[in-house]
Amino acid sequence: MTSSISVSRRSVLVLRVLVSGIFLLAGANHLLQTDKTVQRIEAASFKNIAYFFGDPEWLVILSGIVMGVAGILFLIGYKTKWAALILVAVLIPITLTVQVGQINTLGPLFKNLALLGGLLFFILNDTESHLKLKSKL
């Protein structure tokens, strides 16, 4: 069953720009304040998740690069679905490691859940071809 829901082209653009902004800022923070981010991992209840994947310092740098590149692609609307999938792949382990299990990070936990919802919108909907089709009309 296929249903069609009409949404404003501008609202899709605004959502994409606003969601990408957090990843661009977080990516920059991971690269410019690596030590501070590693300290947050060290203090996290589930820091073993990070250690499972490797050295936290390298993970922070790698995640910063990935968030920056995927965030830019997401911002400009190039391969939006793939960029969103990559951002989800980075968001989930960060959320599980740093936000889950700590009462003082409930705000950031729900922020990350909202970001996940925004990314899922672009993963589940073909916004690129929809926007191209509408702009040709």
# chains A, B, ... in the order shown; residues from 1 in each chain; ligands from 1
>>> residues_around(residues="Trp58 of chain A", least_positions_apart="4", cutoff="12 Å", atoms="only C-alpha atoms", output="VMD selection string")
chain A and resid 30 to 31 34 to 35 37 to 38 50 to 51 53 to 54 62 to 65
>>> atom_distance(atom1="atom CA of Val98 of chain A", atom2="atom CA of Ala28 of chain A")
17.6 Å
>>> residues_around(residues="Leu24 of chain A", least_positions_apart="4", cutoff="7 Å", atoms="only C-alpha atoms", output="ChimeraX atom specification")
/A:20,28,67-68,71
>>> write_last_selection(atoms="N, CA, C and O atoms", output="PDB file, in the first residue's frame")
ATOM      1  N   SER A  20      21.487  18.787   9.753  1.00  0.00           N
ATOM      2  CA  SER A  20      22.908  18.705   9.396  1.00  0.00           C
ATOM      3  C   SER A  20      23.764  19.588  10.295  1.00  0.00           C
ATOM      4  O   SER A  20      24.911  19.249  10.593  1.00  0.00           O
ATOM      5  N   ALA A  28      33.087  19.091  14.189  1.00  0.00           N
ATOM      6  CA  ALA A  28      34.136  20.081  14.463  1.00  0.00           C
ATOM      7  C   ALA A  28      34.612  19.972  15.905  1.00  0.00           C
ATOM      8  O   ALA A  28      35.815  20.011  16.179  1.00  0.00           O
ATOM      9  N   MET A  67      31.371  12.592  10.634  1.00  0.00           N
ATOM     10  CA  MET A  67      30.254  13.518  10.826  1.00  0.00           C
ATOM     11  C   MET A  67      30.412  14.770   9.981  1.00  0.00           C
ATOM     12  O   MET A  67      29.434  15.301   9.457  1.00  0.00           O
ATOM     13  N   GLY A  68      31.647  15.242   9.834  1.00  0.00           N
ATOM     14  CA  GLY A  68      31.881  16.424   9.008  1.00  0.00           C
ATOM     15  C   GLY A  68      31.573  16.175   7.543  1.00  0.00           C
ATOM     16  O   GLY A  68      30.825  16.931   6.912  1.00  0.00           O
ATOM     17  N   GLY A  71      27.896  15.140   7.132  1.00  0.00           N
ATOM     18  CA  GLY A  71      27.090  16.321   7.447  1.00  0.00           C
ATOM     19  C   GLY A  71      27.057  17.313   6.293  1.00  0.00           C
ATOM     20  O   GLY A  71      26.016  17.894   5.989  1.00  0.00           O
TER      21      GLY A  71
END
>>> atom_distance(atom1="atom CA of Ile86 of chain A", atom2="atom CA of Ala114 of chain A")
16.3 Å
>>> select_by_dssp(residues="chain A", states="alpha helix (DSSP H)", output="compact mmCIF listing (two decimals) with N, CA and C atoms, in the first residue's frame")
# COMPACT_ATOMS: atom_id res chain seq x y z
N ARG A 9 8.21 21.68 0.00
CA ARG A 9 9.61 21.52 -0.42
C ARG A 9 10.53 22.28 0.53
N ARG A 10 10.10 23.46 0.94
CA ARG A 10 10.90 24.27 1.87
C ARG A 10 11.06 23.59 3.21
N SER A 11 10.00 22.92 3.70
CA SER A 11 10.10 22.27 5.00
C SER A 11 11.12 21.14 4.97
N VAL A 12 11.21 20.43 3.86
CA VAL A 12 12.20 19.36 3.73
C VAL A 12 13.60 19.96 3.73
N LEU A 13 13.77 21.06 3.02
CA LEU A 13 15.06 21.74 2.98
C LEU A 13 15.45 22.27 4.36
N VAL A 14 14.52 22.89 5.05
CA VAL A 14 14.79 23.43 6.39
C VAL A 14 15.16 22.30 7.35
N LEU A 15 14.41 21.20 7.31
CA LEU A 15 14.71 20.06 8.17
C LEU A 15 16.12 19.53 7.89
N ARG A 16 16.47 19.40 6.62
CA ARG A 16 17.79 18.88 6.26
C ARG A 16 18.90 19.82 6.74
N VAL A 17 18.72 21.11 6.58
CA VAL A 17 19.73 22.09 7.00
C VAL A 17 19.88 22.08 8.53
N LEU A 18 18.76 22.08 9.24
CA LEU A 18 18.84 22.12 10.70
C LEU A 18 19.42 20.83 11.28
N VAL A 19 19.05 19.69 10.74
CA VAL A 19 19.59 18.43 11.24
C VAL A 19 21.09 18.34 10.93
N SER A 20 21.49 18.79 9.75
CA SER A 20 22.91 18.70 9.40
C SER A 20 23.76 19.59 10.30
N GLY A 21 23.21 20.70 10.74
CA GLY A 21 23.98 21.63 11.56
C GLY A 21 24.56 21.00 12.81
N ILE A 22 23.79 20.17 13.48
CA ILE A 22 24.27 19.54 14.71
C ILE A 22 25.44 18.61 14.43
N PHE A 23 25.39 17.91 13.29
CA PHE A 23 26.48 17.00 12.96
C PHE A 23 27.74 17.76 12.54
N LEU A 24 27.56 18.88 11.86
CA LEU A 24 28.72 19.69 11.49
C LEU A 24 29.40 20.26 12.74
N LEU A 25 28.60 20.75 13.67
CA LEU A 25 29.15 21.29 14.91
C LEU A 25 29.80 20.19 15.75
N ALA A 26 29.12 19.04 15.88
CA ALA A 26 29.67 17.93 16.66
C ALA A 26 30.95 17.41 16.02
N GLY A 27 30.98 17.31 14.70
CA GLY A 27 32.19 16.85 14.01
C GLY A 27 33.35 17.79 14.27
N ALA A 28 33.09 19.09 14.19
CA ALA A 28 34.14 20.08 14.46
C ALA A 28 34.61 19.97 15.90
N ASN A 29 33.68 19.81 16.85
CA ASN A 29 34.06 19.67 18.25
C ASN A 29 34.90 18.41 18.48
N HIS A 30 34.55 17.33 17.82
CA HIS A 30 35.34 16.10 17.96
C HIS A 30 36.77 16.30 17.47
N LEU A 31 36.93 17.10 16.43
CA LEU A 31 38.27 17.32 15.88
C LEU A 31 39.04 18.41 16.62
N LEU A 32 38.35 19.42 17.10
CA LEU A 32 39.02 20.55 17.76
C LEU A 32 39.16 20.38 19.27
N THR A 34 39.28 17.13 20.95
CA THR A 34 39.35 15.67 21.06
C THR A 34 39.51 15.23 22.51
N ASP A 35 40.40 15.88 23.25
CA ASP A 35 40.64 15.48 24.65
C ASP A 35 39.38 15.58 25.50
N LYS A 36 38.62 16.66 25.31
CA LYS A 36 37.40 16.86 26.09
C LYS A 36 36.37 15.76 25.76
N THR A 37 36.28 15.40 24.50
CA THR A 37 35.33 14.36 24.09
C THR A 37 35.76 13.00 24.64
N VAL A 38 37.05 12.72 24.62
CA VAL A 38 37.57 11.46 25.17
C VAL A 38 37.28 11.40 26.67
N GLN A 39 37.40 12.52 27.37
CA GLN A 39 37.09 12.55 28.80
C GLN A 39 35.62 12.22 29.06
N ARG A 40 34.74 12.68 28.18
CA ARG A 40 33.32 12.35 28.33
C ARG A 40 33.09 10.85 28.16
N ILE A 41 33.83 10.25 27.23
CA ILE A 41 33.73 8.79 27.06
C ILE A 41 34.23 8.09 28.31
N GLU A 42 35.35 8.54 28.83
CA GLU A 42 35.94 7.93 30.03
C GLU A 42 34.98 7.99 31.22
N ALA A 43 34.17 9.04 31.30
CA ALA A 43 33.25 9.20 32.41
C ALA A 43 31.91 8.51 32.18
N LYS A 47 31.18 3.13 28.69
CA LYS A 47 32.41 3.41 27.93
C LYS A 47 32.97 2.15 27.27
N ASN A 48 32.60 0.97 27.76
CA ASN A 48 33.10 -0.26 27.16
C ASN A 48 32.65 -0.43 25.71
N ILE A 49 31.53 0.20 25.35
CA ILE A 49 31.10 0.16 23.94
C ILE A 49 32.16 0.81 23.07
N ALA A 50 32.68 1.96 23.51
CA ALA A 50 33.73 2.64 22.74
C ALA A 50 34.98 1.78 22.69
N TYR A 51 35.37 1.22 23.82
CA TYR A 51 36.58 0.39 23.86
C TYR A 51 36.44 -0.86 22.99
N PHE A 52 35.23 -1.35 22.81
CA PHE A 52 35.01 -2.50 21.93
C PHE A 52 35.45 -2.18 20.50
N PHE A 53 35.21 -0.92 20.08
CA PHE A 53 35.55 -0.52 18.71
C PHE A 53 36.99 -0.05 18.55
N PRO A 56 39.60 5.17 22.15
CA PRO A 56 38.64 6.27 22.12
C PRO A 56 39.15 7.53 21.40
N GLU A 57 40.41 7.83 21.53
CA GLU A 57 40.93 9.04 20.87
C GLU A 57 40.81 8.92 19.35
N TRP A 58 41.17 7.77 18.80
CA TRP A 58 41.05 7.56 17.36
C TRP A 58 39.60 7.51 16.93
N LEU A 59 38.75 6.93 17.76
CA LEU A 59 37.32 6.89 17.45
C LEU A 59 36.72 8.29 17.41
N VAL A 60 37.13 9.14 18.32
CA VAL A 60 36.63 10.52 18.34
C VAL A 60 37.07 11.25 17.07
N ILE A 61 38.33 11.09 16.69
CA ILE A 61 38.83 11.74 15.47
C ILE A 61 38.11 11.20 14.24
N LEU A 62 38.00 9.88 14.15
CA LEU A 62 37.31 9.26 13.01
C LEU A 62 35.85 9.70 12.94
N SER A 63 35.17 9.69 14.08
CA SER A 63 33.76 10.10 14.08
C SER A 63 33.63 11.58 13.71
N GLY A 64 34.59 12.39 14.11
CA GLY A 64 34.57 13.81 13.73
C GLY A 64 34.68 13.99 12.23
N ILE A 65 35.58 13.23 11.62
CA ILE A 65 35.75 13.30 10.16
C ILE A 65 34.48 12.81 9.46
N VAL A 66 33.97 11.68 9.91
CA VAL A 66 32.77 11.10 9.28
C VAL A 66 31.57 12.04 9.43
N MET A 67 31.37 12.59 10.63
CA MET A 67 30.25 13.52 10.83
C MET A 67 30.41 14.77 9.98
N GLY A 68 31.65 15.24 9.83
CA GLY A 68 31.88 16.42 9.01
C GLY A 68 31.57 16.17 7.54
N VAL A 69 32.11 15.10 7.00
CA VAL A 69 31.91 14.80 5.58
C VAL A 69 30.45 14.45 5.29
N ALA A 70 29.88 13.52 6.08
CA ALA A 70 28.48 13.13 5.87
C ALA A 70 27.54 14.31 6.16
N GLY A 71 27.90 15.14 7.13
CA GLY A 71 27.09 16.32 7.45
C GLY A 71 27.06 17.31 6.29
N ILE A 72 28.19 17.50 5.63
CA ILE A 72 28.24 18.40 4.47
C ILE A 72 27.41 17.82 3.32
N LEU A 73 27.57 16.52 3.05
CA LEU A 73 26.79 15.88 1.99
C LEU A 73 25.30 15.98 2.29
N PHE A 74 24.93 15.77 3.54
CA PHE A 74 23.54 15.87 3.96
C PHE A 74 23.04 17.30 3.80
N LEU A 75 23.85 18.27 4.18
CA LEU A 75 23.49 19.68 4.08
C LEU A 75 23.19 20.09 2.64
N ILE A 76 24.05 19.68 1.72
CA ILE A 76 23.87 20.10 0.33
C ILE A 76 22.89 19.22 -0.43
N THR A 80 21.53 12.07 -0.08
CA THR A 80 20.96 12.36 1.23
C THR A 80 20.68 11.09 2.03
N LYS A 81 20.08 10.11 1.38
CA LYS A 81 19.75 8.87 2.08
C LYS A 81 21.01 8.18 2.62
N TRP A 82 22.06 8.12 1.80
CA TRP A 82 23.31 7.48 2.22
C TRP A 82 24.00 8.28 3.32
N ALA A 83 23.98 9.60 3.18
CA ALA A 83 24.58 10.45 4.22
C ALA A 83 23.84 10.25 5.54
N ALA A 84 22.51 10.16 5.47
CA ALA A 84 21.71 9.95 6.69
C ALA A 84 22.02 8.58 7.31
N LEU A 85 22.17 7.56 6.48
CA LEU A 85 22.51 6.22 7.00
C LEU A 85 23.87 6.24 7.71
N ILE A 86 24.82 6.92 7.13
CA ILE A 86 26.15 7.03 7.74
C ILE A 86 26.07 7.77 9.07
N LEU A 87 25.29 8.86 9.09
CA LEU A 87 25.14 9.62 10.32
C LEU A 87 24.44 8.80 11.41
N VAL A 88 23.48 7.98 11.03
CA VAL A 88 22.83 7.08 11.99
C VAL A 88 23.85 6.09 12.55
N ALA A 89 24.70 5.56 11.65
CA ALA A 89 25.72 4.59 12.08
C ALA A 89 26.70 5.20 13.08
N VAL A 90 26.91 6.50 13.03
CA VAL A 90 27.78 7.18 13.99
C VAL A 90 26.98 7.58 15.23
N LEU A 91 25.75 8.01 15.04
CA LEU A 91 24.92 8.51 16.14
C LEU A 91 24.59 7.43 17.16
N ILE A 92 24.27 6.24 16.70
CA ILE A 92 23.83 5.18 17.62
C ILE A 92 24.92 4.80 18.63
N PRO A 93 26.14 4.47 18.20
CA PRO A 93 27.15 4.12 19.22
C PRO A 93 27.51 5.29 20.14
N ILE A 94 27.50 6.51 19.61
CA ILE A 94 27.78 7.67 20.46
C ILE A 94 26.69 7.80 21.52
N LEU A 106 20.04 13.13 30.09
CA LEU A 106 18.73 12.86 29.51
C LEU A 106 18.37 13.84 28.40
N GLY A 107 18.73 15.11 28.57
CA GLY A 107 18.46 16.10 27.52
C GLY A 107 19.17 15.74 26.22
N PRO A 108 20.49 15.51 26.27
CA PRO A 108 21.19 15.08 25.05
C PRO A 108 20.70 13.74 24.50
N LEU A 109 20.26 12.84 25.38
CA LEU A 109 19.72 11.57 24.90
C LEU A 109 18.49 11.81 24.03
N PHE A 110 17.57 12.63 24.52
CA PHE A 110 16.36 12.90 23.74
C PHE A 110 16.66 13.75 22.51
N LYS A 111 17.68 14.60 22.58
CA LYS A 111 18.12 15.34 21.39
C LYS A 111 18.59 14.35 20.33
N ASN A 112 19.37 13.36 20.74
CA ASN A 112 19.86 12.36 19.79
C ASN A 112 18.72 11.52 19.23
N LEU A 113 17.73 11.21 20.05
CA LEU A 113 16.56 10.48 19.55
C LEU A 113 15.80 11.31 18.51
N ALA A 114 15.69 12.62 18.75
CA ALA A 114 15.04 13.50 17.78
C ALA A 114 15.85 13.57 16.49
N LEU A 115 17.17 13.62 16.62
CA LEU A 115 18.03 13.60 15.43
C LEU A 115 17.85 12.30 14.65
N LEU A 116 17.76 11.21 15.38
CA LEU A 116 17.51 9.92 14.73
C LEU A 116 16.21 9.97 13.95
N GLY A 117 15.18 10.56 14.52
CA GLY A 117 13.91 10.71 13.82
C GLY A 117 14.05 11.54 12.56
N GLY A 118 14.79 12.63 12.65
CA GLY A 118 15.02 13.47 11.46
C GLY A 118 15.77 12.72 10.38
N LEU A 119 16.78 11.97 10.77
CA LEU A 119 17.55 11.18 9.79
C LEU A 119 16.68 10.08 9.18
N LEU A 120 15.86 9.44 10.01
CA LEU A 120 14.98 8.39 9.50
C LEU A 120 13.99 8.93 8.47
N PHE A 121 13.58 10.17 8.62
CA PHE A 121 12.70 10.79 7.63
C PHE A 121 13.35 10.74 6.25
N PHE A 122 14.64 11.07 6.19
CA PHE A 122 15.34 11.10 4.90
C PHE A 122 15.72 9.70 4.42
N ILE A 123 15.86 8.77 5.34
CA ILE A 123 16.16 7.38 4.95
C ILE A 123 14.91 6.72 4.38
N LEU A 124 13.78 6.97 4.99
CA LEU A 124 12.54 6.30 4.61
C LEU A 124 11.80 6.96 3.45
N THR A 127 13.38 11.84 -0.79
CA THR A 127 13.25 13.29 -0.90
C THR A 127 14.01 13.85 -2.09
N GLU A 128 15.09 13.22 -2.50
CA GLU A 128 15.88 13.74 -3.61
C GLU A 128 15.09 13.73 -4.91
N SER A 129 14.54 12.58 -5.29
CA SER A 129 13.80 12.52 -6.55
C SER A 129 12.49 13.30 -6.45
N HIS A 130 11.88 13.32 -5.27
CA HIS A 130 10.65 14.08 -5.07
C HIS A 130 10.92 15.57 -5.28
N LEU A 131 12.01 16.08 -4.72
CA LEU A 131 12.32 17.50 -4.86
C LEU A 131 12.72 17.83 -6.29
N LYS A 132 13.46 16.93 -6.96
CA LYS A 132 13.84 17.17 -8.35
C LYS A 132 12.62 17.17 -9.25
N LEU A 133 11.71 16.25 -9.00
CA LEU A 133 10.49 16.15 -9.80
C LEU A 133 9.65 17.41 -9.64
N LYS A 134 9.48 17.86 -8.41
CA LYS A 134 8.68 19.06 -8.15
C LYS A 134 9.31 20.30 -8.76
N SER A 135 10.67 20.41 -8.72
CA SER A 135 11.31 21.61 -9.23
C SER A 135 11.27 21.67 -10.75
N LYS A 136 11.09 20.52 -11.43
CA LYS A 136 10.98 20.51 -12.88
C LYS A 136 9.58 20.94 -13.34
>>> closest_residue(among="A:Gln33, A:Thr95, A:Asn125, A:Ser45", to="Val7 of chain A", atoms="only C-alpha atoms")
A:Asn125
